[in-house]
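Source file: data.csv; contents: CSV, C-alpha atoms.
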chain,number,residue,atom,x,y,z
W,1,MET,CA,-115.8,-8.9,-45.8
W,2,LYS,CA,-119.0,-10.9,-45.9
W,3,LEU,CA,-117.5,-13.8,-47.9
W,4,LEU,CA,-114.8,-14.4,-45.2
W,5,GLU,CA,-117.2,-14.0,-42.3
W,6,GLU,CA,-119.5,-16.6,-43.8
W,7,ARG,CA,-116.6,-19.0,-44.4
W,8,ILE,CA,-115.5,-18.6,-40.8
W,9,LYS,CA,-119.0,-19.3,-39.5
W,10,ALA,CA,-119.3,-22.4,-41.7
W,11,GLU,CA,-115.9,-23.9,-41.2
W,12,GLY,CA,-114.2,-22.2,-38.2
W,13,ARG,CA,-113.8,-24.2,-35.0
W,14,VAL,CA,-113.2,-22.7,-31.6
W,15,LYS,CA,-110.8,-24.7,-29.5
W,16,PRO,CA,-109.8,-24.3,-25.8
W,17,GLY,CA,-107.3,-21.4,-25.2
W,18,ASN,CA,-109.2,-19.0,-27.5
W,19,ILE,CA,-108.0,-20.8,-30.6
W,20,LEU,CA,-109.9,-20.3,-33.8
W,21,LYS,CA,-109.1,-23.1,-36.2
W,22,VAL,CA,-109.6,-22.1,-39.8
W,23,ASP,CA,-107.2,-24.6,-41.3
W,24,SER,CA,-109.6,-25.9,-43.9
W,25,PHE,CA,-109.3,-22.7,-46.0
W,26,LEU,CA,-106.9,-20.1,-44.5
W,27,ASN,CA,-103.7,-21.3,-42.9
W,28,HIS,CA,-103.1,-25.0,-43.6
W,29,GLN,CA,-105.3,-25.9,-46.6
W,30,ILE,CA,-105.7,-22.8,-48.7
W,31,ASP,CA,-108.7,-21.9,-50.8
W,32,VAL,CA,-106.9,-19.9,-53.5
W,33,ALA,CA,-110.1,-18.4,-54.9
W,34,LEU,CA,-110.9,-16.9,-51.4
W,35,TYR,CA,-107.3,-15.7,-51.2
W,36,GLU,CA,-107.8,-13.9,-54.5
W,37,GLU,CA,-110.9,-12.2,-53.2
W,38,ILE,CA,-109.0,-11.2,-50.0
W,39,GLY,CA,-106.2,-9.7,-52.2
W,40,LYS,CA,-108.8,-7.7,-54.2
W,41,GLU,CA,-110.5,-6.4,-51.0
W,42,VAL,CA,-107.1,-5.4,-49.5
W,43,PHE,CA,-106.3,-3.6,-52.8
W,44,ARG,CA,-109.7,-1.8,-52.7
W,45,LEU,CA,-109.0,-0.6,-49.2
W,46,PHE,CA,-105.4,0.6,-49.8
W,47,ARG,CA,-105.4,1.4,-53.5
W,48,ASP,CA,-104.7,5.1,-53.0
W,49,ALA,CA,-102.0,4.5,-50.3
W,50,GLY,CA,-99.0,4.4,-52.6
W,51,VAL,CA,-98.0,0.9,-51.6
W,52,THR,CA,-94.6,-0.2,-53.1
W,53,LYS,CA,-94.2,-3.5,-51.1
W,54,VAL,CA,-96.3,-6.0,-49.3
W,55,LEU,CA,-94.6,-7.3,-46.2
W,56,THR,CA,-95.6,-10.4,-44.1
W,57,ILE,CA,-94.1,-13.0,-41.9
W,58,GLU,CA,-93.6,-16.7,-42.6
W,59,ALA,CA,-95.5,-19.0,-42.9
W,60,SER,CA,-99.3,-18.4,-43.0
W,61,GLY,CA,-99.0,-14.8,-44.3
W,62,ILE,CA,-97.1,-15.6,-47.5
W,63,GLY,CA,-100.0,-16.7,-49.6
W,64,LEU,CA,-102.0,-13.7,-48.6
W,65,ALA,CA,-99.1,-11.4,-49.3
W,66,CYS,CA,-98.7,-12.8,-52.8
W,67,ALA,CA,-102.5,-12.4,-53.4
W,68,ALA,CA,-102.4,-8.8,-52.4
W,69,ALA,CA,-99.1,-8.0,-54.1
W,70,ARG,CA,-100.5,-9.3,-57.4
W,71,GLU,CA,-103.3,-6.7,-57.2
W,72,PHE,CA,-100.9,-3.8,-56.3
W,73,LYS,CA,-98.4,-5.1,-58.9
W,74,VAL,CA,-95.6,-4.8,-56.4
W,75,PRO,CA,-93.2,-7.4,-54.8
W,76,ALA,CA,-94.2,-9.4,-51.8
W,77,LEU,CA,-91.6,-9.8,-49.0
W,78,PHE,CA,-91.7,-12.2,-46.1
W,79,ALA,CA,-89.8,-11.9,-42.8
W,80,LYS,CA,-88.1,-15.1,-41.8
W,81,LYS,CA,-88.2,-16.6,-38.4
W,82,ASN,CA,-84.6,-17.0,-37.6
W,83,ARG,CA,-83.6,-20.1,-35.7
W,84,THR,CA,-79.9,-19.2,-35.3
W,85,LYS,CA,-78.3,-16.4,-33.4
W,86,ASN,CA,-76.0,-15.5,-36.3
W,87,ILE,CA,-77.5,-12.2,-37.3
W,88,ASP,CA,-75.1,-10.5,-39.7
W,89,GLY,CA,-75.2,-6.8,-40.4
W,90,GLU,CA,-77.2,-7.3,-43.6
W,91,VAL,CA,-80.6,-7.8,-42.0
W,92,PHE,CA,-83.1,-5.8,-40.0
W,93,ALA,CA,-84.1,-7.9,-37.0
W,94,ALA,CA,-86.8,-7.7,-34.4
W,95,ALA,CA,-87.8,-9.9,-31.4
W,96,VAL,CA,-91.3,-11.5,-31.5
W,97,GLU,CA,-92.8,-13.2,-28.5
W,98,SER,CA,-95.2,-16.1,-29.4
W,99,TYR,CA,-97.7,-16.8,-26.7
W,100,THR,CA,-99.1,-19.9,-28.5
W,101,GLN,CA,-95.7,-21.4,-28.8
W,102,GLY,CA,-94.3,-20.0,-25.6
W,103,VAL,CA,-91.0,-18.8,-27.2
W,104,THR,CA,-89.4,-15.6,-28.4
W,105,TYR,CA,-87.9,-15.7,-31.8
W,106,THR,CA,-86.1,-13.3,-34.1
W,107,ILE,CA,-87.6,-12.2,-37.4
W,108,ILE,CA,-85.3,-10.9,-40.1
W,109,VAL,CA,-85.6,-9.1,-43.4
W,110,SER,CA,-82.7,-8.4,-45.7
W,111,LYS,CA,-81.7,-4.7,-45.8
W,112,LYS,CA,-81.6,-4.9,-49.6
W,113,PHE,CA,-85.3,-5.2,-49.8
W,114,LEU,CA,-86.6,-2.4,-47.7
W,115,THR,CA,-85.5,1.2,-48.3
W,116,PRO,CA,-86.6,4.7,-47.2
W,117,GLU,CA,-88.3,5.0,-50.6
W,118,ASP,CA,-90.6,2.1,-49.8
W,119,ARG,CA,-94.2,2.5,-48.6
W,120,VAL,CA,-95.1,-0.8,-46.9
W,121,LEU,CA,-98.4,-2.6,-46.5
W,122,ILE,CA,-98.1,-5.3,-43.8
W,123,ILE,CA,-100.4,-8.2,-44.1
W,124,ASP,CA,-101.1,-11.3,-42.0
W,125,ASP,CA,-103.7,-14.0,-41.5
W,126,PHE,CA,-104.4,-13.3,-37.8
W,127,LEU,CA,-104.1,-10.3,-35.4
W,128,ALA,CA,-104.5,-11.2,-31.7
W,129,ARG,CA,-102.0,-9.7,-29.2
W,130,GLY,CA,-100.1,-8.1,-32.1
W,131,GLN,CA,-96.6,-9.3,-31.3
W,132,ALA,CA,-95.8,-10.3,-34.9
W,133,MET,CA,-97.2,-7.0,-36.2
W,134,PHE,CA,-95.1,-5.0,-33.7
W,135,GLY,CA,-92.0,-6.8,-34.9
W,136,LEU,CA,-92.9,-6.1,-38.6
W,137,VAL,CA,-93.7,-2.4,-37.8
W,138,ASP,CA,-90.3,-2.2,-36.0
W,139,ILE,CA,-88.5,-3.5,-39.1
W,140,VAL,CA,-90.3,-1.0,-41.4
W,141,ARG,CA,-89.1,1.8,-39.1
W,142,GLN,CA,-85.6,0.5,-38.9
W,143,ALA,CA,-85.6,0.6,-42.7
W,144,GLY,CA,-86.7,4.3,-42.7
W,145,ALA,CA,-89.6,3.2,-44.9
W,146,SER,CA,-93.1,4.5,-44.4
W,147,LEU,CA,-96.0,2.4,-43.4
W,148,ALA,CA,-99.3,2.4,-45.4
W,149,GLY,CA,-101.0,0.3,-42.8
W,150,CYS,CA,-101.8,-3.2,-41.8
W,151,ALA,CA,-104.3,-5.6,-43.5
W,152,ILE,CA,-105.5,-8.5,-41.5
W,153,ALA,CA,-107.7,-11.4,-42.5
W,154,ILE,CA,-109.1,-12.2,-39.0
W,155,GLU,CA,-108.7,-9.9,-36.0
W,156,LYS,CA,-109.5,-11.2,-32.6
W,157,GLY,CA,-111.3,-8.1,-31.4
W,158,PHE,CA,-111.2,-9.2,-27.8
W,159,GLU,CA,-107.4,-9.3,-27.8
W,160,GLU,CA,-105.4,-6.1,-27.4
W,161,GLY,CA,-103.3,-6.1,-30.6
W,162,GLY,CA,-105.7,-4.1,-32.8
W,163,THR,CA,-106.4,-1.5,-30.1
W,164,LYS,CA,-102.7,-1.0,-29.5
W,165,LEU,CA,-101.8,-0.7,-33.2
W,166,ARG,CA,-104.6,1.8,-33.9
W,167,GLY,CA,-103.5,3.7,-30.7
W,168,MET,CA,-100.1,4.1,-32.3
W,169,GLY,CA,-101.8,5.9,-35.2
W,170,ILE,CA,-101.5,2.9,-37.6
W,171,ARG,CA,-104.2,2.3,-40.1
W,172,VAL,CA,-105.4,-1.3,-39.4
W,173,GLU,CA,-108.0,-2.9,-41.7
W,174,SER,CA,-109.3,-6.3,-40.6
W,175,LEU,CA,-111.6,-8.1,-43.1
W,176,ALA,CA,-113.3,-9.9,-40.2
W,177,ILE,CA,-113.2,-8.9,-36.6
W,178,VAL,CA,-114.3,-11.6,-34.1
W,179,GLU,CA,-116.0,-9.8,-31.2
W,180,SER,CA,-116.5,-12.9,-29.1
W,181,MET,CA,-116.5,-16.7,-29.7
W,182,ASP,CA,-117.1,-19.9,-28.0
W,183,GLU,CA,-117.7,-23.4,-29.3
W,184,HIS,CA,-121.3,-22.7,-30.2
W,185,GLN,CA,-121.1,-19.2,-31.7
W,186,ILE,CA,-118.8,-16.8,-33.4
W,187,VAL,CA,-119.9,-13.1,-33.3
W,188,PHE,CA,-118.4,-10.5,-35.6
W,189,ARG,CA,-118.0,-6.8,-35.0
W,190,THR,CA,-120.2,-4.8,-37.4
W,191,GLN,CA,-117.9,-2.7,-39.6
I,192,MET,CA,-88.3,-22.3,-68.4
I,193,LYS,CA,-86.4,-19.5,-70.1
I,194,LEU,CA,-87.8,-16.7,-68.0
I,195,LEU,CA,-86.7,-18.3,-64.8
I,196,GLU,CA,-83.2,-19.3,-66.1
I,197,GLU,CA,-82.6,-15.7,-67.3
I,198,ARG,CA,-83.7,-14.4,-63.9
I,199,ILE,CA,-81.4,-16.7,-62.1
I,200,LYS,CA,-78.5,-15.7,-64.4
I,201,ALA,CA,-79.3,-12.0,-63.8
I,202,GLU,CA,-79.9,-12.0,-60.0
I,203,GLY,CA,-78.7,-15.4,-58.6
I,204,ARG,CA,-75.6,-15.3,-56.4
I,205,VAL,CA,-73.5,-18.4,-55.6
I,206,LYS,CA,-72.3,-18.5,-52.0
I,207,PRO,CA,-69.8,-20.9,-50.3
I,208,GLY,CA,-71.3,-24.3,-49.5
I,209,ASN,CA,-73.1,-24.6,-52.9
I,210,ILE,CA,-75.7,-22.1,-51.9
I,211,LEU,CA,-77.6,-20.3,-54.7
I,212,LYS,CA,-79.2,-17.1,-53.4
I,213,VAL,CA,-82.3,-16.1,-55.3
I,214,ASP,CA,-83.8,-14.1,-52.5
I,215,SER,CA,-84.5,-11.0,-54.6
I,216,PHE,CA,-87.3,-12.8,-56.5
I,217,LEU,CA,-88.0,-16.3,-55.4
I,218,ASN,CA,-87.8,-17.0,-51.6
I,219,HIS,CA,-87.5,-13.9,-49.6
I,220,GLN,CA,-88.7,-11.1,-51.8
I,221,ILE,CA,-91.2,-12.5,-54.3
I,222,ASP,CA,-91.8,-11.4,-57.8
I,223,VAL,CA,-95.5,-12.2,-58.0
I,224,ALA,CA,-95.6,-11.9,-61.8
I,225,LEU,CA,-92.9,-14.5,-62.1
I,226,TYR,CA,-94.8,-16.7,-59.7
I,227,GLU,CA,-97.8,-16.4,-61.9
I,228,GLU,CA,-95.8,-17.5,-64.9
I,229,ILE,CA,-94.3,-20.5,-62.9
I,230,GLY,CA,-97.9,-21.4,-61.9
I,231,LYS,CA,-98.9,-21.4,-65.6
I,232,GLU,CA,-95.9,-23.5,-66.7
I,233,VAL,CA,-96.6,-26.1,-63.9
I,234,PHE,CA,-100.2,-26.2,-65.1
I,235,ARG,CA,-99.1,-26.7,-68.7
I,236,LEU,CA,-96.9,-29.6,-67.6
I,237,PHE,CA,-99.4,-31.4,-65.4
I,238,ARG,CA,-102.8,-30.3,-66.8
I,239,ASP,CA,-103.8,-33.8,-67.8
I,240,ALA,CA,-102.5,-35.4,-64.6
I,241,GLY,CA,-105.9,-35.2,-62.7
I,242,VAL,CA,-104.4,-33.0,-59.9
I,243,THR,CA,-106.9,-32.5,-57.0
I,244,LYS,CA,-104.5,-30.8,-54.5
I,245,VAL,CA,-101.2,-29.0,-54.6
I,246,LEU,CA,-98.9,-29.8,-51.6
I,247,THR,CA,-95.9,-28.0,-50.4
I,248,ILE,CA,-93.9,-27.4,-47.2
I,249,GLU,CA,-93.6,-24.1,-45.3
I,250,ALA,CA,-92.3,-21.5,-45.9
I,251,SER,CA,-90.8,-20.8,-49.4
I,252,GLY,CA,-93.1,-23.2,-51.2
I,253,ILE,CA,-96.3,-21.6,-50.1
I,254,GLY,CA,-96.5,-18.8,-52.7
I,255,LEU,CA,-95.6,-21.2,-55.5
I,256,ALA,CA,-98.2,-23.7,-54.4
I,257,CYS,CA,-100.8,-20.9,-54.4
I,258,ALA,CA,-99.8,-19.8,-57.9
I,259,ALA,CA,-100.1,-23.3,-59.2
I,260,ALA,CA,-103.3,-24.2,-57.3
I,261,ARG,CA,-104.9,-21.1,-58.9
I,262,GLU,CA,-104.3,-22.5,-62.3
I,263,PHE,CA,-105.6,-26.0,-61.5
I,264,LYS,CA,-108.5,-24.5,-59.5
I,265,VAL,CA,-107.8,-26.8,-56.6
I,266,PRO,CA,-106.8,-26.2,-53.0
I,267,ALA,CA,-103.2,-25.6,-51.9
I,268,LEU,CA,-102.0,-27.4,-48.8
I,269,PHE,CA,-98.7,-26.8,-46.9
I,270,ALA,CA,-97.0,-29.2,-44.5
I,271,LYS,CA,-96.0,-27.5,-41.3
I,272,LYS,CA,-92.7,-27.9,-39.6
I,273,ASN,CA,-93.5,-29.1,-36.2
I,274,ARG,CA,-91.5,-27.7,-33.4
I,275,THR,CA,-93.1,-29.8,-30.6
I,276,LYS,CA,-93.1,-33.5,-30.1
I,277,ASN,CA,-96.8,-33.5,-29.4
I,278,ILE,CA,-98.0,-35.3,-32.5
I,279,ASP,CA,-101.6,-36.3,-32.0
I,280,GLY,CA,-103.3,-39.0,-34.1
I,281,GLU,CA,-104.9,-36.5,-36.4
I,282,VAL,CA,-101.9,-35.8,-38.6
I,283,PHE,CA,-99.7,-37.5,-41.0
I,284,ALA,CA,-96.0,-37.0,-40.0
I,285,ALA,CA,-92.6,-37.5,-41.6
I,286,ALA,CA,-89.1,-36.8,-40.5
I,287,VAL,CA,-87.0,-34.4,-42.6
I,288,GLU,CA,-83.3,-33.9,-42.3
I,289,SER,CA,-82.1,-30.4,-43.0
I,290,TYR,CA,-78.5,-30.3,-44.1
I,291,THR,CA,-78.3,-26.5,-44.3
I,292,GLN,CA,-79.8,-26.1,-40.8
I,293,GLY,CA,-78.1,-29.3,-39.4
I,294,VAL,CA,-81.3,-30.5,-37.7
I,295,THR,CA,-84.0,-33.1,-38.2
I,296,TYR,CA,-87.6,-31.8,-37.9
I,297,THR,CA,-91.0,-33.3,-38.3
I,298,ILE,CA,-93.4,-32.2,-40.9
I,299,ILE,CA,-97.1,-32.6,-40.4
I,300,VAL,CA,-100.3,-32.5,-42.5
I,301,SER,CA,-103.8,-32.8,-41.0
I,302,LYS,CA,-105.4,-36.1,-42.0
I,303,LYS,CA,-108.6,-34.2,-42.9
I,304,PHE,CA,-107.0,-32.7,-46.0
I,305,LEU,CA,-105.4,-35.7,-47.8
I,306,THR,CA,-107.5,-38.7,-48.7
I,307,PRO,CA,-107.2,-41.8,-51.0
I,308,GLU,CA,-109.3,-39.8,-53.5
I,309,ASP,CA,-106.7,-37.1,-53.8
I,310,ARG,CA,-104.2,-36.9,-56.7
I,311,VAL,CA,-101.4,-34.8,-55.4
I,312,LEU,CA,-98.9,-32.5,-57.1
I,313,ILE,CA,-96.0,-31.6,-54.8
I,314,ILE,CA,-94.3,-28.3,-55.4
I,315,ASP,CA,-91.3,-26.6,-53.9
I,316,ASP,CA,-88.8,-23.8,-54.7
I,317,PHE,CA,-85.6,-25.9,-54.5
I,318,LEU,CA,-84.7,-29.6,-55.0
I,319,ALA,CA,-81.2,-30.5,-53.8
I,320,ARG,CA,-80.7,-33.7,-51.7
I,321,GLY,CA,-84.5,-34.2,-51.8
I,322,GLN,CA,-85.1,-34.7,-48.1
I,323,ALA,CA,-88.1,-32.4,-47.9
I,324,MET,CA,-89.5,-34.1,-51.1
I,325,PHE,CA,-89.1,-37.6,-49.6
I,326,GLY,CA,-91.0,-36.4,-46.5
I,327,LEU,CA,-93.8,-35.1,-48.6
I,328,VAL,CA,-94.0,-38.2,-50.8
I,329,ASP,CA,-94.1,-40.3,-47.6
I,330,ILE,CA,-97.1,-38.2,-46.4
I,331,VAL,CA,-98.9,-38.7,-49.7
I,332,ARG,CA,-98.4,-42.4,-49.4
I,333,GLN,CA,-99.5,-42.5,-45.7
I,334,ALA,CA,-102.8,-40.8,-46.9
I,335,GLY,CA,-103.3,-43.5,-49.6
I,336,ALA,CA,-103.4,-40.7,-52.1
I,337,SER,CA,-101.8,-40.9,-55.5
I,338,LEU,CA,-99.0,-38.8,-56.6
I,339,ALA,CA,-99.2,-36.9,-59.9
I,340,GLY,CA,-95.5,-35.8,-59.6
I,341,CYS,CA,-93.2,-33.1,-58.3
I,342,ALA,CA,-92.8,-29.6,-59.7
I,343,ILE,CA,-89.7,-27.7,-58.8
I,344,ALA,CA,-88.6,-24.2,-59.6
I,345,ILE,CA,-84.9,-24.8,-59.3
I,346,GLU,CA,-83.2,-28.2,-59.2
I,347,LYS,CA,-79.6,-28.5,-58.3
I,348,GLY,CA,-78.7,-31.2,-60.9
I,349,PHE,CA,-75.4,-31.9,-59.2
I,350,GLU,CA,-77.1,-33.0,-56.0
I,351,GLU,CA,-78.7,-36.4,-55.7
I,352,GLY,CA,-82.4,-35.6,-55.0
I,353,GLY,CA,-83.7,-35.4,-58.6
I,354,THR,CA,-82.0,-38.7,-59.6
I,355,LYS,CA,-83.3,-40.5,-56.5
I,356,LEU,CA,-86.9,-39.3,-57.0
I,357,ARG,CA,-86.9,-40.2,-60.7
I,358,GLY,CA,-85.4,-43.5,-59.8
I,359,MET,CA,-88.4,-44.1,-57.6
I,360,GLY,CA,-90.6,-43.8,-60.7
I,361,ILE,CA,-91.8,-40.3,-59.7
I,362,ARG,CA,-92.4,-37.7,-62.4
I,363,VAL,CA,-90.2,-34.7,-61.6
I,364,GLU,CA,-90.4,-31.5,-63.6
I,365,SER,CA,-87.9,-28.8,-62.7
I,366,LEU,CA,-88.3,-25.5,-64.5
I,367,ALA,CA,-84.6,-24.8,-64.2
I,368,ILE,CA,-81.9,-27.4,-63.6
I,369,VAL,CA,-78.5,-26.0,-62.5
I,370,GLU,CA,-75.9,-28.4,-63.9
I,371,SER,CA,-73.0,-26.6,-62.3
I,372,MET,CA,-72.3,-23.3,-60.6
I,373,ASP,CA,-69.6,-21.2,-59.1
I,374,GLU,CA,-69.3,-17.5,-58.3
I,375,HIS,CA,-68.6,-16.6,-61.9
I,376,GLN,CA,-71.0,-18.8,-63.8
I,377,ILE,CA,-74.3,-20.7,-63.5
I,378,VAL,CA,-74.8,-23.5,-66.2
I,379,PHE,CA,-78.2,-24.9,-66.8
I,380,ARG,CA,-79.0,-28.4,-68.1
I,381,THR,CA,-80.6,-28.3,-71.6
I,382,GLN,CA,-84.2,-29.6,-71.3

Will you turn the file into structure tokens for me?
Amino acid sequence: MKLLEERIKAEGRVKPGNILKVDSFLNHQIDVALYEEIGKEVFRLFRDAGVTKVLTIEASGIGLACAAAREFKVPALFAKKNRTKNIDGEVFAAAVESYTQGVTYTIIVSKKFLTPEDRVLIIDDFLARGQAMFGLVDIVRQAGASLAGCAIAIEKGFEEGGTKLRGMGIRVESLAIVESMDEHQIVFRTQ
Amino acid sequence: MKLLEERIKAEGRVKPGNILKVDSFLNHQIDVALYEEIGKEVFRLFRDAGVTKVLTIEASGIGLACAAAREFKVPALFAKKNRTKNIDGEVFAAAVESYTQGVTYTIIVSKKFLTPEDRVLIIDDFLARGQAMFGLVDIVRQAGASLAGCAIAIEKGFEEGGTKLRGMGIRVESLAIVESMDEHQIVFRTQ
């Protein structure tokens, strides 16, 4: 998606530890007009996939999930990062390892909101090692729902998450794939 | 806002500890059409207030902030709940006490995104004791920005947050104010 790549080139900042900061428009301050365009592009890609629900994980994915869900005219749903160990029987749960934060947390989704009749599109702002995605895919499977695929704003193509997910037979559509980056240059994969 | 009150009556569930569960449409699963109507109503209320930025706190406020920001055609911005103590000099920070989680956490906003030129509308899904709001108001003041007011989806009118904020001279617009509630009945304040 040209618009997103241009914005990353203009405002993205590469920080030590392979961090790509895009907090001026994507995941701290939010350009809602850009979100709307991302929602439309995700809809264009998955419009024939029979999506009944758009699933994401808090926090940065929520705005994108809403933007996409508006286009599909289906509900958005976000997995919560659970900070307690009191998991009752009414939720689907999965463990997610966070490399950047150095912790493993549990994500939960209420069983009421995912059923075998659902066809789920997962969306998130970033795909790197894929841990959050694996957790969300696990929850979709626990629910017996089917998976339409994963839509990602920015994939770090040099990390393993995208390759692994595609290797599992999952359709992954990333609107911008960063092939390589350093503080002077960000190179995108041609799609 | 009649539409929201009706939805709360139809789907809201009152749980022990004065908890109002509205997770089927507001803060876990999201009815994006309802969010759009909430965004329009918030815009109707504050359209002449000169809003330049819509500020919220992760996670449940993000979708609402995006919906409102779209109407105002300004950026949305969400405060992050910081889980480390490494606050560098580049953020505004405030402490927020969470009664439901029994912890105090720090919320942060990058200094880049709030300036004295900004006129900020704060938005959130719930207002009860007001701790999150006080933290956000504090951050707006640290930035030297002016505050257009606070827009809330559901205010618990029997908690002190709304009274305190209004007592500080802040304009607070709540789309639904719950006057009292128990497992059999939810009563709204006439507005």

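Closest to I:Ala250 among W:Phe134, W:Phe92, W:Phe78, W:Phe46 is W:Phe78, based on all atoms listed in the file.
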
Using 10 Å as the limit and counting all atoms listed in the file, can you tabulate each residue of chain I that touches chain W, with its shortest atom-to-atom distance in Å and the two atoms involved, as JSON lines?
{"residue": "I:Asp214", "atom": "CA", "partner": "W:Ser110", "partner_atom": "CA", "distance": 8.9}
{"residue": "I:Ser215", "atom": "CA", "partner": "W:Phe113", "partner_atom": "CA", "distance": 7.6}
{"residue": "I:Phe216", "atom": "CA", "partner": "W:Pro75", "partner_atom": "CA", "distance": 8.2}
{"residue": "I:Leu217", "atom": "CA", "partner": "W:Leu77", "partner_atom": "CA", "distance": 9.8}
{"residue": "I:Asn218", "atom": "CA", "partner": "W:Phe78", "partner_atom": "CA", "distance": 8.3}
{"residue": "I:His219", "atom": "CA", "partner": "W:Phe78", "partner_atom": "CA", "distance": 5.7}
{"residue": "I:Gln220", "atom": "CA", "partner": "W:Leu77", "partner_atom": "CA", "distance": 4.2}
{"residue": "I:Ile221", "atom": "CA", "partner": "W:Ala76", "partner_atom": "CA", "distance": 5.0}
{"residue": "I:Asp222", "atom": "CA", "partner": "W:Pro75", "partner_atom": "CA", "distance": 5.2}
{"residue": "I:Val223", "atom": "CA", "partner": "W:Arg70", "partner_atom": "CA", "distance": 5.8}
{"residue": "I:Ala224", "atom": "CA", "partner": "W:Arg70", "partner_atom": "CA", "distance": 7.1}
{"residue": "I:Tyr226", "atom": "CA", "partner": "W:Cys66", "partner_atom": "CA", "distance": 8.8}
{"residue": "I:Glu227", "atom": "CA", "partner": "W:Arg70", "partner_atom": "CA", "distance": 8.8}
{"residue": "I:Lys244", "atom": "CA", "partner": "W:Gln29", "partner_atom": "CA", "distance": 9.3}
{"residue": "I:Val245", "atom": "CA", "partner": "W:Gln29", "partner_atom": "CA", "distance": 9.5}
{"residue": "I:Leu246", "atom": "CA", "partner": "W:Gln29", "partner_atom": "CA", "distance": 9.0}
{"residue": "I:Ile248", "atom": "CA", "partner": "W:Ala59", "partner_atom": "CA", "distance": 9.6}
{"residue": "I:Glu249", "atom": "CA", "partner": "W:Ala59", "partner_atom": "CA", "distance": 5.9}
{"residue": "I:Ala250", "atom": "CA", "partner": "W:Ala59", "partner_atom": "CA", "distance": 5.0}
{"residue": "I:Ser251", "atom": "CA", "partner": "W:Ala59", "partner_atom": "CA", "distance": 8.2}
{"residue": "I:Gly252", "atom": "CA", "partner": "W:Ile62", "partner_atom": "CA", "distance": 9.4}
{"residue": "I:Ile253", "atom": "CA", "partner": "W:Gly63", "partner_atom": "CA", "distance": 6.2}
{"residue": "I:Gly254", "atom": "CA", "partner": "W:Gly63", "partner_atom": "CA", "distance": 5.1}
{"residue": "I:Leu255", "atom": "CA", "partner": "W:Gly63", "partner_atom": "CA", "distance": 8.6}
{"residue": "I:Ala256", "atom": "CA", "partner": "W:Gly63", "partner_atom": "CA", "distance": 8.7}
{"residue": "I:Cys257", "atom": "CA", "partner": "W:Val32", "partner_atom": "CA", "distance": 6.2}
{"residue": "I:Ala258", "atom": "CA", "partner": "W:Val32", "partner_atom": "CA", "distance": 8.4}
{"residue": "I:Ala259", "atom": "CA", "partner": "W:Val32", "partner_atom": "CA", "distance": 9.5}
{"residue": "I:Ala260", "atom": "CA", "partner": "W:Val32", "partner_atom": "CA", "distance": 6.8}
{"residue": "I:Arg261", "atom": "CA", "partner": "W:Val32", "partner_atom": "CA", "distance": 5.9}
{"residue": "I:Glu262", "atom": "CA", "partner": "W:Val32", "partner_atom": "CA", "distance": 9.5}
{"residue": "I:Lys264", "atom": "CA", "partner": "W:Val32", "partner_atom": "CA", "distance": 7.7}
{"residue": "I:Val265", "atom": "CA", "partner": "W:Val32", "partner_atom": "CA", "distance": 7.6}
{"residue": "I:Pro266", "atom": "CA", "partner": "W:Asp31", "partner_atom": "CA", "distance": 5.2}
{"residue": "I:Ala267", "atom": "CA", "partner": "W:Ile30", "partner_atom": "CA", "distance": 4.9}
{"residue": "I:Leu268", "atom": "CA", "partner": "W:Gln29", "partner_atom": "CA", "distance": 4.2}
{"residue": "I:Phe269", "atom": "CA", "partner": "W:His28", "partner_atom": "CA", "distance": 5.8}
{"residue": "I:Ala270", "atom": "CA", "partner": "W:His28", "partner_atom": "CA", "distance": 7.5}
{"residue": "I:Lys271", "atom": "CA", "partner": "W:His28", "partner_atom": "CA", "distance": 7.9}
{"residue": "I:Lys272", "atom": "CA", "partner": "W:Ala59", "partner_atom": "CA", "distance": 9.9}
{"residue": "I:Arg274", "atom": "CA", "partner": "W:Gln101", "partner_atom": "CA", "distance": 8.9}
{"residue": "I:Thr275", "atom": "CA", "partner": "W:Gln101", "partner_atom": "CA", "distance": 9.0}
{"residue": "I:Gln292", "atom": "CA", "partner": "W:Arg83", "partner_atom": "CA", "distance": 8.7}
{"residue": "I:Val300", "atom": "CA", "partner": "W:His28", "partner_atom": "CA", "distance": 8.1}
{"residue": "I:Ser301", "atom": "CA", "partner": "W:His28", "partner_atom": "CA", "distance": 8.3}
{"residue": "I:Lys303", "atom": "CA", "partner": "W:Ser24", "partner_atom": "CA", "distance": 8.4}
{"residue": "I:Phe304", "atom": "CA", "partner": "W:Gln29", "partner_atom": "CA", "distance": 7.0}
{"residue": "I:Leu305", "atom": "CA", "partner": "W:Gln29", "partner_atom": "CA", "distance": 9.9}

Can you pull out every residue within 10 Å of W:Asp118, counting only C-alpha atoms, but drop anything in the same chain fewer than 2 positions away, and send it as a list of chain:residue names?
W:Gly50, W:Val51, W:Thr52, W:Lys53, W:Val54, W:Phe113, W:Leu114, W:Thr115, W:Pro116, W:Val120, W:Leu121, W:Val140, W:Ala143, W:Gly144, W:Ala145, W:Ser146, W:Leu147, W:Ala148

What does the structure give for the distance between atom CA of W:Gly161 and atom CA of W:Ser174, in Å to one decimal?
11.7 Å

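Straight-line separation from atom CA of I:Glu308 to atom CA of I:Phe263: 16.4 Å.
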
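For the atom pair formed by atom CA of I:Ala240 and atom CA of I:Ala285, the distance is 25.1 Å, given to one decimal.
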
At a cut-off of 7 Å around the point (-85.2, -25.1, -54.9) (file coordinates), what residues fall inside when counting all atoms listed in the file? I'd like the answer as JSON, numbers by chain.
{"I": [315, 316, 317, 318, 319, 343, 344, 345, 346]}
